[in-house]
Every structure is written in C-alpha cells, then in structure tokens.
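Peer 1: If you scroll down you'll find the structure; I have some questions about it.
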Amino acid sequence: MDIQRTVLWVVFSLSLLFLWDKWMVNTGKPSMFFPTATQQAKPVTGAAGSASGSAVADVPQASATAAGVATPTAAAVPAAAAAAPTHGETITITTDLVKADIDTAGGVLKRLELLQQKEGKENIKHEWYDPFLELVGRKQKVIVDKNVVLFDSNAESTYLAESGLIGGPFPNHKSLFIAKPGPRVLDGANEISLVLEAEENGVKLVKTYTFRRGDYTIGLKNEVVNGSAAPIAPTLYVQLVRDGNMPEGTTKFSRTFTGPAVYTDADKFQKLTFENIAKGKAEHATKADNGWVAMVQHYFVSALVPPEKAPREIFTDKVAANLYAVGTKLPLGTIAPGATRNMDVKLYSGPQESALLDKVDPSLELVKDYGMFTIIAKPIFWLLEQIHKVLGNWGWTIIVFTILMKLAFFPLSAASYRSMGKMKQVTPKMTAIRERYKADPQKMNQAMMELYKTEKINPLGGCLPILIQMPVFIALYWVLLAVVEMRNAPWLGWIQDLASPDPYFILPVLMAVSMFIQTKLNPKPPDPMQAKVMMFMPLIFSAMFFFFPSGLVLYYVVNNVLSITQQWVITKKLEAGKPA
C-alpha cells in the first residue's frame, strides 16, 4: 500500500471525525473526545431574588474545633434563620471599572457589570450569513455598546457571590443585613466600602465590601462579634453560585471551558464540569491551607481567594435544578464572649488578563483555557505580548509573530517542501508503475519502494516535518482563542474585533484560496479518487474557518501565503536542477 496515500487518508478521516464531533457538541450532545460543561441551556429555577436558588443547608457542613473546646454541631440553619427575609434593598456601588449591586437580603453580590468590557463592537442579532443581506439593503445593522455583566440574578441566568456563617444559628446569606450609610460612588476617592451588619442570637456578622480604583479585586472582610454569653466556634463559608448555561454569545465553533475550578498547591489546577457535580462525581481537593476556587468562562473568571495558611474545606454542590455552587469553608476557631474574629477574602471578578491575575495570585493564570499544550502556549503568549508592546496592534502582532514562527521552522518546512517537490517530479513514474502492476498490489508496492530508493525519496518526508510542528500550531490556536487581550481588539478596515468571526468572510475566503493554491503546488496523488478528495479538502477546512475568530484566520492566511512562497521557490529550483 502506498504510504503517502495512507497518511493522507488518515488525515482526511480524522478531519471528518473532528467535524462530526463539533456537530455533535453544537446539537447539544456530549463530545466524543473532550469533556465539556453542560452543552445546552436549561431553565434556571429559583433564580429570581437574591439567593433563592441556594440555601445554607445546601452548603456542606463542617465542625469547627479549637484545642480542647467542644463546638456546636454544624447542622442546618433553623427554619427561622433560613426563611427568606421580609424585605431587603439593593445597594449599587460604582467605580471606574465595575458597577455592583449588593442585596441587603443576605448581603449577596447579585449583579456585577464590567464598565470597561463591552459585549462586542457590533452585536448583530441575525444568523451568520446576514452581512450579505446588508449589502443588498435587506436588513439594518444593530449597533450595540453593551457592557459585560458577570454576576446576575434574573429568570434567564443566575450568578451570585454569597457568604455567611454555619455552626449554629448565626447570620448567613439569607439573613437580613442593615447597610451603614456612606458614599456609593467612587468619584475622586481611591477606594469605597459598603458595610453590612446582621445579628442573630447575640452573634453579629459584619460584611465589608471594599472596591478600589483600577482594580477588579473586591475585598470581602468578615468580622464576627460574639455578643452572647457563651463561646462560639463558627465557620465562615464563601461560595459562587452559577447556572450551568453557556455564556451568552458563545460561538458554535469556539467553545471553551465553562464551569467551576479549584486550585491547591498539592493538587494543582482542577476543572470540574457541571455534569459531574450533578452526578456527585466531581473529584477535587477538599482540604488545604492554600489555593482558591473559581467560576471560569470564556475570557472572564470569578475567583475567591482566602488568606494563605488559613485551613479550609473546599466543596462543590448542585443546589437546585441547573444551579451549582463552588466554595470554601473557613473555620474561625473558638470566639469567647465579647471577642471578635476577622477573616478577609479576596474576590477577583474580571477579565483573564495575565497582568491582573498575577497581582491576585500567580496561579490564577491557569484559568486561561489553553488546552493540552499549556506548556507551549504560555511562551507563545509571552512572545505575542512582547511584540504587541512594540507595535500596539494585535492584528499586526499576529502577522509579525507568524513571520517569526515561519523563520523558526524554516528548515523543517524546507525539508518538507523539498520532499514534496521530488514526489511531484516522479509522479509520472509512480503513475506508470500503478498502471503496470494494477493487478498485483504486492509487486506494485515493491516497485514503489524501489523507486523511492532510486530517487532518494522518503515517502514520509513531506509529513514528518509538519507533524513535528503540529503541537505549536495547536497551542497557538488555543492562545488566539483564549486570550482576552484579543477581545474587541481591531486590526484594520472591516476587522474591528479579532476575537469574533470576520463579518464579511473575506479572510475565510482568502484562506480557502490559499489552501487551494497549496494543493495545486503539492504532488498530484496517482489515485484519481484520492486526487479529487485532496481538491475538496480546502473547501471542507475553510467551512470551519467561517466561524473561527478572525485573529486565528489571519494567522493561517499569512502562514499559508508564506508557505506558498517558500514552496514555489523550492519547487522552481528543483525543476531547474539547482540546489533547493
């Protein structure tokens, strides 16, 4: 059997398999290769209100102990404490970066709008082919300049940050808090705080939300004052509660991970699917004195980061239909009558920008979904950042990076093109052998091997260099897909968002043309059926690129143009008998 034909058929078969897998995911069925979060949006139950979707009883209970001191059992909160508060008010805090709504019913952060992060330059509420309709005047483009909203609580979606005390009849995220007066807008100050107080059975919980200028990190100080006549041993819990739906605007062919994540120094980064949490099969670290928990989605993350060296218990839970929680419980130890105990937790909720994440915790950069080639993706993104510092435009950065990558792999590419050039030269001889021995496959293969030996051709010479480069190309794909820095970043002309598909499909068409030219430059397969398949390959692959981010398509277009130039020069030299 012809080895080259086998390799080409394997590539073609894998391509069809991955296309089928993509179709399965897009129709709501599980992927055959990659575990994903819930594929289809499900109705959110109990989403209205500040925290009706979850209850303290849903939070796994833990006993807090101090040396030689018995502690109250950490049972569910009594019905009186867990009942919904009679009323509450929504307090809005506005800074230069965020607009936060905090409900005094539970002290829950129930809405967070990112004022500097836009949903998209152009949010066109039509199907992917609509730009063509615009050209003929059959529709009107709808320009929307809407801010990204992470936390929210409505009939369609739920995403909340909750906290409270367990271990007794203590204030929790269903208690009614009282807000202390103070400024609600940052104005000229560098920070602003909202103080909330709730008391139950002589135990007071004081929550203080602190917002700072130019910072997506929200400080959450929890102060417990024991005004009762007996010692207490409460446990503070902080949790993120979210529905299992994919974020609005998720494109069909660029899905990234959405769901909870846990990090500890011992167990490292662990992604958890909503499906496994619902089945009780989510495996993750449960006890540590370091690390964080988070809710991750494309481009954005919310992470709860307790203090280092503070013992904690990590939990996940399904708290209602299509509603999931990930959080941390922090024992506060024994608090004597009249004593006070504090616990500060940081809540980062914003874009997955490396510089911002590193300020909170260096390990937070792991939330960037780089796929299986993270070890290669990180240095690739570092190089992209260095180029961008000089050029200031991500589109030109991608082009310069592509040129540098092409130079780095020049020897491998040249070897591949030389091999393909030689194969093209001997194609007539291969065709003649096939005709001569078409009734005897064994003799045909022997003759082919003899021809390869005589002409000094390695039948895999055109494939191996490409296979060696594949991990880099795959890592680059995930970098361009995952990094928030590309989001809403313009290049030139019609490309105003490198993270969105080309609105007029110019780059995908150029991609198809470049792939077709490359196919013509490659040696024509002796098998007529195989030759037809190879001619259709550019069309098959280009169909996917219509839905890919334009920054990714730009990379492939430039790479193809450079490859065509290199391949054409080498082929011409071989035809002229000169050293290539």
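The way I read the labels, and the way they are meant: chains A, B, ... in the order of the structure tokens, residue 1 as the first residue of every chain, and ligand 1 as the first ligand shown, with later ones counted on from there.
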Please return as a PyMOL selection string: the residues of range 85-321 of chain A that backbone DSSP assigns to alpha helix (DSSP H).

Peer 2: chain A and resi 130-135+274-279

Peer 1: Within range 162-271 of chain A, find each residue whose DSSP state, derived from the backbone, is strand (DSSP E), and express the selection as a PyMOL selection string.

Peer 2: chain A and resi 162-166+178-179+191-200+203-212+217-226+235-243+259-264+268-271

Peer 1: Return the single residue from A:Asn201, A:Asn559, A:Gln567, A:Thr340 that is closest to Phe170 in chain A, with distances computed using only C-alpha atoms.

Peer 2: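 Using only C-alpha atoms, the shortest distance to Phe170 in chain A belongs to A:Asn201.
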
Peer 1: Would you please work out which residue, of A:Val479, A:Leu112, A:Ile178, A:Val262, is nearest to Asn147 in chain A when using only C-alpha atoms?

Peer 2: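 Closest residue, counting only C-alpha atoms: A:Leu112.
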
Peer 1: Could you jot down the CA of Thr264 in chain A to CA of Leu220 in chain A separation for me, Å, one decimal place?

Peer 2: 20.7 Å

Peer 1: Fewer than 6 positions away in the same chain doesn't count, so skip those; otherwise give me all residues within 10 Å of Pro260 in chain A, counting only C-alpha atoms, as a JSON list (two decimals) with C-alpha atoms, in the first residue's frame.

Peer 2:
[["chain", "number", "residue", "atom", "x", "y", "z"],
["A", 37, "ALA", "CA", -19.74, 21.72, 30.65],
["A", 240, "LEU", "CA", -20.00, 31.23, 43.96],
["A", 241, "VAL", "CA", -23.38, 30.05, 42.69],
["A", 242, "ARG", "CA", -23.99, 29.81, 38.96],
["A", 244, "GLY", "CA", -24.97, 25.61, 34.07],
["A", 270, "GLN", "CA", -8.64, 21.09, 38.58],
["A", 271, "LYS", "CA", -11.52, 21.85, 36.22],
["A", 272, "LEU", "CA", -14.94, 20.47, 37.15],
["A", 273, "THR", "CA", -17.92, 20.01, 34.87],
["A", 274, "PHE", "CA", -21.45, 20.85, 35.93],
["A", 277, "ILE", "CA", -21.14, 17.87, 40.03],
["A", 293, "VAL", "CA", -11.96, 28.35, 43.97],
["A", 294, "ALA", "CA", -13.38, 29.93, 40.84],
["A", 295, "MET", "CA", -16.08, 30.02, 38.18],
["A", 296, "VAL", "CA", -14.48, 30.14, 34.74],
["A", 297, "GLN", "CA", -15.91, 31.13, 31.38],
["A", 301, "VAL", "CA", -13.25, 34.50, 35.75],
["A", 302, "SER", "CA", -14.54, 34.99, 39.27],
["A", 303, "ALA", "CA", -12.25, 33.63, 41.98],
["A", 316, "THR", "CA", -18.97, 21.74, 45.25],
["A", 324, "TYR", "CA", -24.29, 24.80, 41.04],
["A", 325, "ALA", "CA", -22.02, 26.05, 43.81],
["A", 326, "VAL", "CA", -18.29, 26.00, 44.46],
["A", 327, "GLY", "CA", -16.92, 27.45, 47.65],
["A", 367, "VAL", "CA", -7.84, 29.60, 34.36]]

Peer 1: Considering only C-alpha atoms, return as a ChimeraX atom specification whatever protein or nucleic-acid residues lie within 8 Å of Trp478 in chain A, sequence-local ones (same chain, fewer than 2 positions apart) excluded.

Peer 2: /A:369-371,377,474-476,480-482

Peer 1: Counting only C-alpha atoms, what is within 7 Å of range 223-225 of chain A, bar same-chain residues fewer than 5 positions away, as a list in words?

Peer 2: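 Those residues are Val203, Lys204, Leu205, Val206, Lys207, Gly338, Ala339, Thr340, Arg341, Asn342 and Met343 of chain A.
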
Peer 1: Would you list the contacts of range 393-396 of chain A as a list of chain:residue names, taking every protein, DNA or RNA residue within 8 Å and counting only C-alpha atoms, but skipping same-chain residues closer than 5 positions in sequence?

Peer 2: A:His388, A:Met486, A:Ala489, A:Pro490, A:Trp491, A:Leu492, A:Leu498, A:Gly551, A:Leu554

Peer 1: Store the residues picked out above, limited to N, CA and C atoms, as a PDB file, in the first residue's frame.

Peer 2:
ATOM      1  N   HIS A 388       3.526  42.930  20.872  1.00  0.00           N
ATOM      2  CA  HIS A 388       2.448  43.918  20.972  1.00  0.00           C
ATOM      3  C   HIS A 388       2.912  45.186  21.680  1.00  0.00           C
ATOM      4  N   MET A 486      -7.254  39.877  23.004  1.00  0.00           N
ATOM      5  CA  MET A 486      -7.692  39.986  21.608  1.00  0.00           C
ATOM      6  C   MET A 486      -9.151  40.429  21.503  1.00  0.00           C
ATOM      7  N   ALA A 489     -10.401  43.779  20.015  1.00  0.00           N
ATOM      8  CA  ALA A 489      -9.190  44.435  19.516  1.00  0.00           C
ATOM      9  C   ALA A 489      -9.278  44.558  17.998  1.00  0.00           C
ATOM     10  N   PRO A 490      -9.190  45.772  17.442  1.00  0.00           N
ATOM     11  CA  PRO A 490      -9.287  45.942  15.992  1.00  0.00           C
ATOM     12  C   PRO A 490      -7.956  45.670  15.304  1.00  0.00           C
ATOM     13  N   TRP A 491      -8.022  45.364  14.032  1.00  0.00           N
ATOM     14  CA  TRP A 491      -6.831  45.268  13.195  1.00  0.00           C
ATOM     15  C   TRP A 491      -6.836  46.430  12.218  1.00  0.00           C
ATOM     16  N   LEU A 492      -7.583  46.309  11.145  1.00  0.00           N
ATOM     17  CA  LEU A 492      -7.751  47.428  10.208  1.00  0.00           C
ATOM     18  C   LEU A 492      -9.028  47.204   9.419  1.00  0.00           C
ATOM     19  N   LEU A 498     -10.799  41.068  16.688  1.00  0.00           N
ATOM     20  CA  LEU A 498     -10.027  39.890  16.294  1.00  0.00           C
ATOM     21  C   LEU A 498     -10.522  38.614  16.978  1.00  0.00           C
ATOM     22  N   GLY A 551      -8.801  36.707  14.212  1.00  0.00           N
ATOM     23  CA  GLY A 551      -7.372  36.710  14.526  1.00  0.00           C
ATOM     24  C   GLY A 551      -6.722  35.377  14.201  1.00  0.00           C
ATOM     25  N   LEU A 554      -6.568  35.059  10.414  1.00  0.00           N
ATOM     26  CA  LEU A 554      -5.488  35.918   9.919  1.00  0.00           C
ATOM     27  C   LEU A 554      -4.148  35.208  10.021  1.00  0.00           C
TER      28      LEU A 554
END

Peer 1: For Glu353 in chain A, work out the shell of residues within 9 Å, counting only C-alpha atoms and skipping chain neighbours fewer than 3 positions away, then give it as a ChimeraX atom specification.

Peer 2: /A:299-300,350,356-358,365,368,483-485
